[in-house]
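Pasted below: final_17.txt, compact mmCIF, C-alpha atoms.
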# COMPACT_ATOMS: atom_id res chain seq x y z
CA MET A 1 17.15 -17.93 12.04
CA ARG A 2 17.17 -14.15 11.46
CA MET A 3 16.97 -13.54 7.74
CA LYS A 4 17.72 -10.50 5.59
CA ASP A 5 15.07 -9.25 3.18
CA GLU A 6 16.54 -11.04 0.16
CA THR A 7 16.32 -14.33 2.05
CA LYS A 8 12.85 -13.61 3.46
CA CYS A 9 11.58 -12.97 -0.08
CA LEU A 10 12.57 -16.51 -0.98
CA HIS A 11 12.03 -18.49 2.22
CA ALA A 12 9.59 -16.75 4.60
CA GLY A 13 6.05 -18.08 4.80
CA TYR A 14 6.61 -21.55 3.44
CA THR A 15 9.10 -24.22 4.55
CA PRO A 16 8.63 -27.60 2.86
CA LYS A 17 8.93 -30.67 5.01
CA ASN A 18 10.63 -33.87 3.97
CA GLY A 19 9.34 -34.96 0.56
CA GLU A 20 7.10 -31.91 0.07
CA PRO A 21 7.17 -29.53 -2.93
CA ARG A 22 10.03 -27.02 -2.96
CA VAL A 23 7.80 -24.35 -4.57
CA LEU A 24 4.75 -23.05 -2.69
CA PRO A 25 1.86 -25.25 -3.92
CA ILE A 26 -1.52 -23.97 -5.06
CA VAL A 27 -4.19 -25.33 -2.72
CA GLN A 28 -7.12 -25.03 -5.11
CA SER A 29 -9.96 -25.78 -2.73
CA THR A 30 -12.78 -23.74 -1.26
CA THR A 31 -13.35 -26.02 1.71
CA TYR A 32 -11.69 -28.41 4.17
CA VAL A 33 -12.81 -31.76 5.63
CA TYR A 34 -13.05 -32.70 9.32
CA GLU A 35 -13.89 -35.92 11.12
CA SER A 36 -16.62 -34.57 13.39
CA ALA A 37 -19.20 -31.80 13.65
CA ALA A 38 -17.60 -30.77 16.95
CA GLN A 39 -14.30 -30.02 15.21
CA VAL A 40 -16.02 -27.80 12.64
CA ALA A 41 -17.98 -26.06 15.39
CA GLU A 42 -14.73 -25.35 17.26
CA ILE A 43 -13.29 -23.65 14.19
CA PHE A 44 -16.40 -21.53 13.74
CA ASP A 45 -15.95 -20.44 17.34
CA ASP A 46 -12.33 -19.49 16.62
CA PRO A 47 -11.23 -19.58 12.94
CA ILE A 48 -7.54 -19.24 13.78
CA LYS A 49 -7.64 -22.83 15.09
CA GLY A 50 -8.05 -24.25 11.60
CA LEU A 51 -9.32 -23.80 8.06
CA CYS A 52 -13.02 -23.90 7.35
CA TYR A 53 -13.64 -21.99 4.13
CA SER A 54 -11.43 -20.11 1.67
CA ARG A 55 -13.31 -16.86 2.14
CA PHE A 56 -11.46 -16.62 5.46
CA ALA A 57 -8.15 -18.27 4.75
CA ASN A 58 -6.38 -20.59 2.33
CA PRO A 59 -2.98 -22.30 2.79
CA THR A 60 -1.43 -20.70 -0.32
CA VAL A 61 -2.67 -17.23 0.58
CA MET A 62 -1.66 -17.71 4.21
CA ALA A 63 1.92 -18.47 3.20
CA VAL A 64 2.06 -15.20 1.27
CA GLU A 65 0.52 -13.33 4.21
CA GLU A 66 3.18 -14.73 6.50
CA LYS A 67 5.93 -13.73 4.07
CA ILE A 68 4.68 -10.14 3.81
CA ALA A 69 4.27 -9.88 7.58
CA ALA A 70 7.85 -11.07 7.98
CA LEU A 71 9.12 -8.50 5.48
CA GLU A 72 7.26 -5.65 7.21
CA GLY A 73 8.06 -6.87 10.72
CA GLY A 74 4.41 -7.31 11.71
CA VAL A 75 2.58 -9.88 13.83
CA GLY A 76 0.15 -10.82 11.09
CA ALA A 77 -1.24 -9.92 7.67
CA MET A 78 -4.41 -10.40 5.65
CA CYS A 79 -4.48 -10.36 1.86
CA THR A 80 -7.37 -8.85 -0.07
CA THR A 81 -8.54 -8.84 -3.67
CA SER A 82 -7.20 -5.31 -4.32
CA GLY A 83 -5.27 -2.50 -2.71
CA GLN A 84 -8.50 -0.52 -2.58
CA ALA A 85 -10.13 -3.33 -0.59
CA ALA A 86 -7.18 -3.32 1.81
CA THR A 87 -7.55 0.44 2.33
CA LEU A 88 -11.29 0.15 2.91
CA LEU A 89 -11.08 -2.71 5.41
CA SER A 90 -8.19 -1.10 7.28
CA ILE A 91 -10.48 1.86 7.95
CA LEU A 92 -13.74 0.01 8.60
CA ASN A 93 -12.00 -2.29 11.06
CA ILE A 94 -11.91 0.56 13.59
CA CYS A 95 -14.41 3.12 12.26
CA ARG A 96 -18.20 3.30 12.18
CA ALA A 97 -20.81 5.89 11.19
CA GLY A 98 -20.26 9.04 13.20
CA ASP A 99 -16.47 8.71 13.32
CA SER A 100 -13.86 10.79 11.52
CA ILE A 101 -10.39 10.15 10.14
CA VAL A 102 -7.48 12.44 9.29
CA SER A 103 -5.57 11.85 6.07
CA VAL A 104 -2.73 13.45 4.19
CA ALA A 105 -4.07 15.13 1.03
CA GLN A 106 -1.19 13.89 -1.13
CA ILE A 107 -2.41 10.34 -1.69
CA TYR A 108 -3.67 8.15 -4.54
CA GLY A 109 -6.72 9.58 -6.31
CA GLY A 110 -8.79 6.46 -5.77
CA THR A 111 -8.13 6.71 -2.04
CA ILE A 112 -9.13 10.37 -2.04
CA ASN A 113 -12.40 9.42 -3.71
CA LEU A 114 -12.97 6.62 -1.20
CA PHE A 115 -12.32 8.91 1.75
CA ALA A 116 -14.03 12.08 0.51
CA PHE A 117 -17.14 10.57 -1.05
CA THR A 118 -17.82 6.89 -0.38
CA LEU A 119 -16.89 6.89 3.31
CA LYS A 120 -18.80 10.15 3.72
CA LYS A 121 -21.92 8.36 2.49
CA LEU A 122 -21.30 5.74 5.16
CA GLY A 123 -21.14 8.44 7.84
CA ILE A 124 -17.34 8.60 8.21
CA GLU A 125 -15.84 12.06 7.74
CA CYS A 126 -12.33 12.55 6.35
CA ILE A 127 -10.37 15.68 7.23
CA PHE A 128 -7.46 16.25 4.83
CA VAL A 129 -4.17 17.88 5.82
CA ASP A 130 -1.11 18.79 3.82
CA VAL A 131 1.79 16.37 4.08
CA ASP A 132 3.97 19.31 5.19
CA ALA A 133 1.46 20.58 7.76
CA THR A 134 2.98 21.74 11.03
CA ASP A 135 2.39 19.79 14.21
CA ASP A 136 -0.16 22.37 15.35
CA GLU A 137 -2.01 22.25 12.02
CA LEU A 138 -2.07 18.49 12.21
CA ARG A 139 -3.41 18.49 15.77
CA ALA A 140 -6.09 20.99 14.77
CA ALA A 141 -7.53 18.49 12.26
CA PHE A 142 -8.36 16.00 15.00
CA ARG A 143 -11.84 15.77 16.51
CA PRO A 144 -13.03 13.86 19.59
CA ASN A 145 -14.37 11.18 17.19
CA THR A 146 -11.18 10.85 15.12
CA LYS A 147 -10.07 7.21 14.96
CA LEU A 148 -6.91 7.21 12.84
CA LEU A 149 -4.30 9.13 10.86
CA PHE A 150 -3.50 8.02 7.28
CA GLY A 151 -0.65 8.69 4.84
CA GLU A 152 1.46 7.18 2.07
CA THR A 153 5.19 6.54 2.47
CA ILE A 154 5.77 7.82 -1.07
CA ALA A 155 2.62 9.50 -2.41
CA ASN A 156 1.09 8.42 -5.72
CA PRO A 157 1.70 10.42 -7.93
CA ALA A 158 2.85 13.52 -5.99
CA LEU A 159 5.88 11.53 -4.70
CA THR A 160 5.96 13.45 -1.44
CA VAL A 161 7.61 11.56 1.43
CA LEU A 162 5.70 11.12 4.68
CA ASP A 163 7.51 12.09 7.87
CA ILE A 164 6.43 8.82 9.47
CA GLU A 165 8.07 9.38 12.84
CA ARG A 166 6.48 12.82 13.26
CA PHE A 167 3.04 11.70 12.11
CA ALA A 168 3.20 8.64 14.37
CA LYS A 169 4.09 10.83 17.34
CA ILE A 170 1.08 13.09 16.74
CA ALA A 171 -1.24 10.12 16.15
CA HIS A 172 -0.16 8.46 19.39
CA GLU A 173 -0.47 11.75 21.26
CA MET A 174 -4.09 11.76 20.05
CA GLU A 175 -4.42 8.08 21.05
CA VAL A 176 -5.09 6.81 17.53
CA PRO A 177 -3.06 4.58 15.18
CA LEU A 178 -1.09 5.70 12.14
CA ILE A 179 -1.97 3.73 8.99
CA VAL A 180 0.62 3.94 6.21
CA ASP A 181 0.24 2.88 2.59
CA ASN A 182 3.71 1.52 1.80
CA THR A 183 2.99 0.48 -1.81
CA PHE A 184 5.63 2.53 -3.64
CA ALA A 185 8.41 1.96 -1.11
CA THR A 186 7.69 -1.71 -0.30
CA PRO A 187 9.27 -3.13 2.87
CA VAL A 188 12.55 -3.42 0.95
CA LEU A 189 12.98 0.37 0.86
CA CYS A 190 11.09 1.33 4.02
CA LYS A 191 9.68 -0.44 7.07
CA PRO A 192 7.16 2.02 8.55
CA PHE A 193 6.80 0.00 11.76
CA ASP A 194 10.41 0.87 12.59
CA PHE A 195 9.38 4.54 12.70
CA GLY A 196 6.20 4.19 14.74
CA ALA A 197 3.48 3.31 12.22
CA ASP A 198 0.87 0.88 13.52
CA ILE A 199 -0.81 -0.57 10.43
CA VAL A 200 0.65 -0.90 6.92
CA ILE A 201 -1.28 -1.53 3.74
CA HIS A 202 -0.20 -2.25 0.17
CA SER A 203 -1.58 -2.57 -3.28
CA THR A 204 0.28 -5.81 -4.02
CA SER A 205 -0.65 -5.28 -7.69
CA LYS A 206 2.34 -2.93 -7.90
CA TYR A 207 5.97 -3.72 -7.01
CA MET A 208 5.17 -6.77 -4.89
CA ASP A 209 3.65 -8.56 -7.87
CA GLY A 210 5.78 -6.60 -10.33
CA HIS A 211 4.55 -8.33 -13.47
CA ALA A 212 1.04 -6.88 -13.96
CA VAL A 213 -0.61 -10.30 -13.76
CA GLN A 214 -2.90 -10.03 -10.73
CA VAL A 215 -4.63 -7.39 -8.65
CA GLY A 216 -4.35 -7.63 -4.88
CA GLY A 217 -3.84 -5.91 -1.57
CA VAL A 218 -2.71 -6.63 1.97
CA ILE A 219 -3.10 -5.27 5.50
CA VAL A 220 -0.25 -5.79 7.96
CA ASP A 221 -0.59 -5.35 11.72
CA SER A 222 2.42 -4.22 13.77
CA GLY A 223 0.85 -5.58 16.95
CA LYS A 224 2.19 -2.53 18.81
CA PHE A 225 -0.84 -0.28 19.20
CA ASP A 226 -2.73 -0.41 22.50
CA TRP A 227 -6.38 -0.75 21.50
CA THR A 228 -7.57 -0.74 25.12
CA ARG A 229 -7.16 3.04 25.52
CA GLY A 230 -10.93 3.57 25.32
CA LYS A 231 -11.51 4.76 21.75
CA PHE A 232 -11.95 1.32 20.21
CA PRO A 233 -14.84 -0.60 21.82
CA GLU A 234 -15.15 -2.70 18.64
CA LEU A 235 -11.89 -4.39 19.64
CA THR A 236 -12.32 -4.48 23.40
CA GLN A 237 -16.04 -5.12 23.93
CA PRO A 238 -17.77 -8.45 23.11
CA ASP A 239 -18.53 -8.89 19.42
CA GLU A 240 -22.17 -9.95 19.25
CA SER A 241 -21.68 -11.12 15.68
CA TYR A 242 -19.01 -13.59 16.77
CA HIS A 243 -19.99 -15.41 19.95
CA GLY A 244 -19.25 -12.45 22.20
CA ILE A 245 -15.49 -12.54 21.61
CA SER A 246 -13.38 -9.62 22.86
CA TYR A 247 -10.55 -9.42 20.36
CA THR A 248 -8.08 -7.74 22.70
CA GLU A 249 -8.75 -10.25 25.47
CA SER A 250 -8.64 -13.32 23.22
CA TYR A 251 -5.92 -12.37 20.73
CA GLY A 252 -3.72 -9.78 22.44
CA ASP A 253 -1.36 -8.03 20.04
CA MET A 254 -3.08 -9.67 17.05
CA ALA A 255 -6.50 -8.23 17.93
CA TYR A 256 -6.69 -5.86 14.96
CA ILE A 257 -5.76 -8.31 12.22
CA VAL A 258 -7.83 -11.17 13.68
CA LYS A 259 -10.89 -8.92 13.87
CA ALA A 260 -10.34 -7.86 10.25
CA ARG A 261 -10.45 -11.52 9.19
CA MET A 262 -13.16 -12.87 11.49
CA GLN A 263 -15.55 -9.95 11.07
CA LEU A 264 -14.84 -7.94 7.92
CA MET A 265 -13.50 -10.65 5.63
CA ARG A 266 -16.39 -12.84 6.73
CA ASP A 267 -18.90 -10.15 5.72
CA PHE A 268 -17.23 -8.55 2.69
CA GLY A 269 -15.58 -11.66 1.24
CA VAL A 270 -12.76 -9.86 -0.59
CA TYR A 271 -10.23 -12.67 -0.15
CA PRO A 272 -7.90 -13.52 -3.06
CA ALA A 273 -7.86 -16.85 -4.87
CA ALA A 274 -5.05 -19.33 -4.26
CA HIS A 275 -3.75 -18.94 -7.81
CA SER A 276 -3.54 -15.16 -7.41
CA ALA A 277 -1.50 -15.64 -4.24
CA PHE A 278 0.76 -18.11 -6.04
CA LEU A 279 1.51 -15.51 -8.72
CA LEU A 280 2.06 -12.83 -6.07
CA ASN A 281 4.55 -15.09 -4.33
CA LEU A 282 6.57 -15.44 -7.54
CA GLY A 283 6.82 -11.66 -7.67
CA LEU A 284 7.78 -11.42 -4.00
CA GLU A 285 10.63 -13.84 -4.51
CA THR A 286 12.48 -11.30 -6.68
CA LEU A 287 11.24 -8.13 -4.96
CA ALA A 288 14.49 -7.26 -3.18
CA VAL A 289 16.68 -7.54 -6.26
CA ARG A 290 14.14 -5.77 -8.49
CA MET A 291 13.79 -2.78 -6.16
CA LYS A 292 17.52 -2.09 -6.33
CA GLN A 293 17.43 -1.94 -10.13
CA TYR A 294 14.27 0.17 -10.22
CA CYS A 295 15.95 2.73 -7.97
CA GLU A 296 19.14 2.77 -10.04
CA ASN A 297 17.30 3.19 -13.35
CA ALA A 298 14.96 5.84 -11.93
CA MET A 299 17.79 7.95 -10.58
CA THR A 300 19.43 7.99 -14.00
CA VAL A 301 16.15 8.95 -15.68
CA ALA A 302 15.41 11.66 -13.08
CA LYS A 303 18.80 13.30 -13.66
CA TYR A 304 18.29 13.11 -17.42
CA LEU A 305 14.86 14.76 -17.22
CA GLU A 306 16.17 17.44 -14.87
CA SER A 307 18.65 18.47 -17.55
CA SER A 308 16.03 18.75 -20.32
CA PRO A 309 14.88 22.25 -21.37
CA MET A 310 11.44 20.80 -22.23
CA VAL A 311 10.80 19.71 -18.65
CA GLU A 312 9.49 22.33 -16.25
CA LYS A 313 9.94 20.28 -13.09
CA VAL A 314 11.09 16.83 -12.00
CA ILE A 315 9.57 15.34 -8.87
CA TYR A 316 11.69 12.51 -7.49
CA PRO A 317 12.65 12.34 -3.81
CA GLY A 318 16.02 10.82 -4.67
CA LEU A 319 17.19 14.10 -6.23
CA PRO A 320 19.04 16.52 -3.91
CA SER A 321 16.91 19.33 -5.40
CA ASN A 322 13.71 17.71 -4.11
CA PRO A 323 12.16 19.37 -1.02
CA HIS A 324 11.63 15.94 0.55
CA TYR A 325 15.17 14.73 -0.14
CA ALA A 326 16.12 14.83 3.56
CA LEU A 327 13.06 12.76 4.49
CA ALA A 328 13.88 10.30 1.71
CA GLN A 329 17.39 9.92 3.09
CA LYS A 330 15.98 9.29 6.57
CA TYR A 331 13.24 6.80 5.70
CA LEU A 332 14.13 5.19 2.37
CA LYS A 333 16.88 2.90 1.16
CA GLY A 334 16.06 4.12 -2.34
CA ALA A 335 13.47 6.47 -3.83
CA SER A 336 11.64 3.76 -5.79
CA GLY A 337 11.15 3.62 -9.56
CA VAL A 338 8.37 6.15 -10.10
CA ILE A 339 9.09 9.68 -11.31
CA SER A 340 6.61 12.51 -11.79
CA PHE A 341 7.56 15.41 -14.04
CA ILE A 342 5.85 18.39 -15.60
CA ILE A 343 6.18 19.02 -19.31
CA LYS A 344 6.26 22.64 -20.46
CA GLY A 345 3.02 23.41 -22.29
CA GLY A 346 0.51 21.77 -19.94
CA ARG A 347 -1.97 19.04 -20.89
CA PRO A 348 -1.59 19.26 -24.70
CA ALA A 349 2.20 18.93 -24.51
CA ALA A 350 1.95 16.09 -22.00
CA ALA A 351 -0.38 14.16 -24.31
CA LYS A 352 1.87 14.75 -27.33
CA PHE A 353 4.91 13.57 -25.39
CA MET A 354 3.19 10.41 -24.23
CA ASP A 355 1.92 9.57 -27.71
CA ALA A 356 5.48 9.83 -29.05
CA LEU A 357 6.83 7.16 -26.69
CA HIS A 358 7.40 3.70 -28.20
CA LEU A 359 9.07 1.58 -25.52
CA ALA A 360 7.06 2.89 -22.57
CA SER A 361 3.49 1.60 -22.39
CA ASN A 362 0.67 4.13 -22.00
CA GLU A 363 -1.42 2.25 -19.47
CA VAL A 364 -3.25 2.53 -16.17
CA HIS A 365 -0.60 0.83 -14.13
CA VAL A 366 2.58 1.58 -12.26
CA ALA A 367 5.49 -0.29 -10.65
CA ASP A 368 5.79 -2.93 -13.35
CA ILE A 369 8.89 -4.65 -14.74
CA ARG A 370 8.13 -2.80 -17.98
CA THR A 371 8.34 0.97 -18.23
CA CYS A 372 4.89 2.57 -18.27
CA VAL A 373 3.56 6.10 -18.40
CA LEU A 374 0.32 7.78 -17.33
CA HIS A 375 -1.29 11.25 -17.26
CA PRO A 376 -2.83 11.51 -13.76
CA ALA A 377 -5.00 14.61 -14.31
CA SER A 378 -6.95 13.05 -17.18
CA GLU A 379 -6.73 9.38 -16.19
CA THR A 380 -6.38 8.02 -12.64
CA HIS A 381 -7.30 11.32 -10.95
CA ARG A 382 -9.85 12.64 -13.46
CA GLN A 383 -12.66 12.30 -10.89
CA LEU A 384 -11.05 15.00 -8.75
CA THR A 385 -11.92 18.70 -8.91
CA ASP A 386 -9.23 21.23 -9.84
CA GLU A 387 -8.96 22.12 -6.17
CA GLN A 388 -8.49 18.47 -5.19
CA LEU A 389 -5.93 18.02 -7.97
CA ALA A 390 -3.96 20.96 -6.64
CA ALA A 391 -4.21 19.63 -3.07
CA ALA A 392 -2.94 16.24 -4.28
CA GLY A 393 0.02 17.96 -5.94
CA ILE A 394 -1.10 17.22 -9.50
CA ASN A 395 -0.47 19.64 -12.37
CA GLY A 396 -2.15 19.38 -15.78
CA GLY A 397 1.21 18.88 -17.42
CA MET A 398 2.29 16.22 -14.93
CA ILE A 399 3.32 12.80 -16.21
CA ARG A 400 3.84 9.76 -14.00
CA PHE A 401 6.71 7.75 -15.41
CA SER A 402 7.25 4.29 -13.93
CA VAL A 403 10.74 3.13 -14.84
CA GLY A 404 11.00 -0.55 -15.68
CA LEU A 405 13.85 -3.02 -15.86
CA GLU A 406 14.76 -2.53 -19.52
CA ASN A 407 18.32 -1.48 -20.34
CA ILE A 408 18.69 2.09 -19.17
CA ASP A 409 20.07 3.22 -22.54
CA ASP A 410 16.88 2.06 -24.25
CA ILE A 411 14.70 3.89 -21.72
CA LEU A 412 16.68 7.11 -22.22
CA ALA A 413 16.52 6.78 -26.01
CA ASP A 414 12.72 6.49 -25.84
CA LEU A 415 12.49 9.60 -23.67
CA ASP A 416 14.82 11.49 -25.98
CA THR A 417 12.65 10.68 -29.02
CA ALA A 418 9.48 11.83 -27.26
CA LEU A 419 11.02 15.05 -25.99
CA LYS A 420 12.28 15.90 -29.47
CA SER A 421 8.71 15.62 -30.77
CA LEU A 422 7.62 18.63 -28.71
Here is a file; write its structure as structure tokens.
Amino acid sequence: MRMKDETKCLHAGYTPKNGEPRVLPIVQSTTYVYESAAQVAEIFDDPIKGLCYSRFANPTVMAVEEKIAALEGGVGAMCTTSGQAATLLSILNICRAGDSIVSVAQIYGGTINLFAFTLKKLGIECIFVDVDATDDELRAAFRPNTKLLFGETIANPALTVLDIERFAKIAHEMEVPLIVDNTFATPVLCKPFDFGADIVIHSTSKYMDGHAVQVGGVIVDSGKFDWTRGKFPELTQPDESYHGISYTESYGDMAYIVKARMQLMRDFGVYPAAHSAFLLNLGLETLAVRMKQYCENAMTVAKYLESSPMVEKVIYPGLPSNPHYALAQKYLKGASGVISFIIKGGRPAAAKFMDALHLASNEVHVADIRTCVLHPASETHRQLTDEQLAAAGINGGMIRFSVGLENIDDILADLDTALKSL
């Protein structure tokens, strides 16, 4: 049965059999019992044949992975303990010391730090490009050792929109995959695989969970990229750490995601607990209906802020005045619930505005059911230099405002009170 997103959110990943629980059960076990040593040995030879240990896979987590893969239109998914872990493993799955990657500069500050500093220490160079770089500028960033191109569907917090189709075309021309962080859009608003992306990642802590109760991430494999082109021996040549398996030969279009589980999850062990996956599933069940309301509330707030004399600039791709409005119309079914805006008066005015809010929570989070607010330059992105802040599209007076599901009149009243305090 072909299901729409609203139905997939409720039914994909878990189908109870006769007499089984209607709600996805929590399988709270680290290990699984077999009748013979030979059966266990067979699973260690090929973990996809069964469950051996919950550092690799767990029935509750697997159901959530299947649901997310179905929503994104991928062949498989692997959950992680955080979005940052998903980003890291998505890169390390195809990169080693001596390689380079190309990334859009307008991305989450934690990802910039990972790419510019931590990966550099591991011998992987990141070359940053502007999200609006021309095709020639983008091509010029590639080196013979470049293994991937990376971007965010809707950047956090710059809220630029990635031209997925164009970036995918360049990536494939250079014989590398395009990895897209789809956290802010979610598969409800955008399905990057439909536009040529090869791998999608998420911080599931955000809209997918939606309730700020658990941190998590996920990697989703489209199954469409041809890893046998010659640049990816880790996927095509025998893996000495796993019985000489060639992932492309043994697993075909699931080579990337199976390698991530069998090799990287085995060694890094960043797999989520069953209870965390259970909570994530509860959030996923309402994702489609929540995203519609987030978008509606955010559009109202964006228009309100745009009319305020105290606001220097409103950054929301759903507004016709936004430079990425055309891209948002092409790729998104809604511009999500996050708005960035610049208060007149810089950092001091931004802090005063935030302190005057009562309904909105001042917290290091985004994409919650409750409205929350954050000052990127002094909080999530404070580790960046002024040059990196500018490259990421972050101004000292910028505020990231994540619109929740409260009554829109109450959200507007809170904003009005704070603006009047300036």
Quick one: of A:Ala260, A:Ala185, A:Leu114, A:Leu122, who's nearest to Gln84 of chain A, counting all atoms listed in the file?
A:Leu114
Counting only C-alpha atoms, figure out which residue out of A:Gly397, A:Gly98, A:Gly230, A:Gly334 gets nearest to Met354 of chain A.
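Checking each candidate against Met354 of chain A, we get A:Gly397 as the closest.
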Show me, as a ChimeraX atom specification, the residues that have an atom within 12 Å of His211 of chain A when counting only C-alpha atoms, minus same-chain residues fewer than 4 positions from it.
/A:204-207,215,279-284,286-287,290,365-372,404-405
Identify, on the basis of all atoms listed in the file, every residue whose closest approach to segment 188-203 of chain A does not exceed 8 Å; exclude the query and any residue fewer than 3 positions from it along the same chain; express the result as JSON, numbers by chain.
{"A": [5, 71, 72, 73, 74, 82, 83, 84, 86, 87, 90, 153, 164, 165, 168, 169, 177, 178, 179, 180, 181, 182, 183, 185, 206, 215, 216, 217, 218, 219, 220, 221, 222, 223, 224, 225, 287, 288, 291, 331, 332, 333, 334, 335, 336]}
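Minimum distance to Ser54 of chain A across A:Val338, A:Ala141, A:Ala274, A:Ala70 (counting all atoms listed in the file) occurs at A:Ala274.
Using all atoms listed in the file, the shortest contact distance between Phe232 of chain A and any of A:Met208, A:Arg96, A:Leu119, A:Arg261 is found at A:Arg96.
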Counting all atoms listed in the file, the residue of A:Phe184, A:Phe142, A:Tyr271, A:Phe353 that sits nearest Leu162 of chain A:
A:Phe184
Once you add 4 Å to each side, what are the centre and edge lengths of the axis-aligned box holding all listed atoms of segment 314-332 of chain A? One decimal in Å, as JSON, if you can.
{"center_x": 14.3, "center_y": 12.3, "center_z": -2.7, "size_x": 17.5, "size_y": 22.2, "size_z": 26.6}
Need to verify the contact set: segment 32-35 of chain A, 9 Å, all atoms listed in the file, exclusion of same-chain residues closer than 5 positions in sequence. Can you return it as a list in words?
Val40, Leu51, Cys52, Tyr53 and Ser54 of chain A
Set out as a tab-separated table a contact list for segment 305-369 of chain A and segment 410-417 of chain A with a cut-off of 12 Å, giving each residue of segment 305-369 of chain A that qualifies its closest atom pair and distance in Å to one decimal, counting only C-alpha atoms, ordered by chain and rising residue number.
residue	atom	partner	partner_atom	distance
A:Leu305	CA	A:Leu415	CA	8.6
A:Ser307	CA	A:Asp416	CA	11.6
A:Ser308	CA	A:Asp416	CA	9.3
A:Pro309	CA	A:Asp416	CA	11.7
A:Met310	CA	A:Asp416	CA	10.6
A:Val311	CA	A:Leu415	CA	11.4
A:Lys352	CA	A:Thr417	CA	11.6
A:Phe353	CA	A:Leu415	CA	8.7
A:Met354	CA	A:Leu415	CA	9.4
A:Asp355	CA	A:Thr417	CA	10.9
A:Ala356	CA	A:Thr417	CA	7.2
A:Leu357	CA	A:Asp414	CA	6.0
A:His358	CA	A:Asp414	CA	6.5
A:Leu359	CA	A:Asp414	CA	6.1
A:Ala360	CA	A:Asp414	CA	7.5
A:Ser361	CA	A:Asp414	CA	11.0
Selected residue of minimal separation from Ala350 of chain A among A:Tyr316, A:Tyr304, A:Phe401, A:Tyr242, counting only C-alpha atoms
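Closest to Ala350 of chain A of all the choices is A:Phe401.
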Counting only C-alpha atoms, which residues come within 8 Å of (-5.0, 6.7, 17.6), with the point read in the file's coordinates, and could you list them as a list in words?
Thr146, Lys147, Leu148, Leu149, Ala171, His172, Glu173, Met174, Glu175, Val176, Pro177, Leu178 and Lys231 of chain A
Atom pair atom CA of Ser276 of chain A / atom CA of Thr81 of chain A: separation (Å)
8.9 Å
For the atom pair atom CA of Thr30 of chain A and atom CA of Met62 of chain A, what is the interatomic distance in Å to one decimal place?
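About the pair atom CA of Thr30 of chain A and atom CA of Met62 of chain A: they are 13.8 Å apart.
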Which residues are close to Gly252 of chain A, i.e. within 10 Å by only C-alpha atoms, leaving aside same-chain residues fewer than 5 positions away? Reply as JSON, numbers by chain.
{"A": [223, 226, 227, 246, 247, 258]}
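Atom pair atom CA of Ser100 of chain A / atom CA of Pro272 of chain A has a distance of 29.0 Å (rounded to one decimal).
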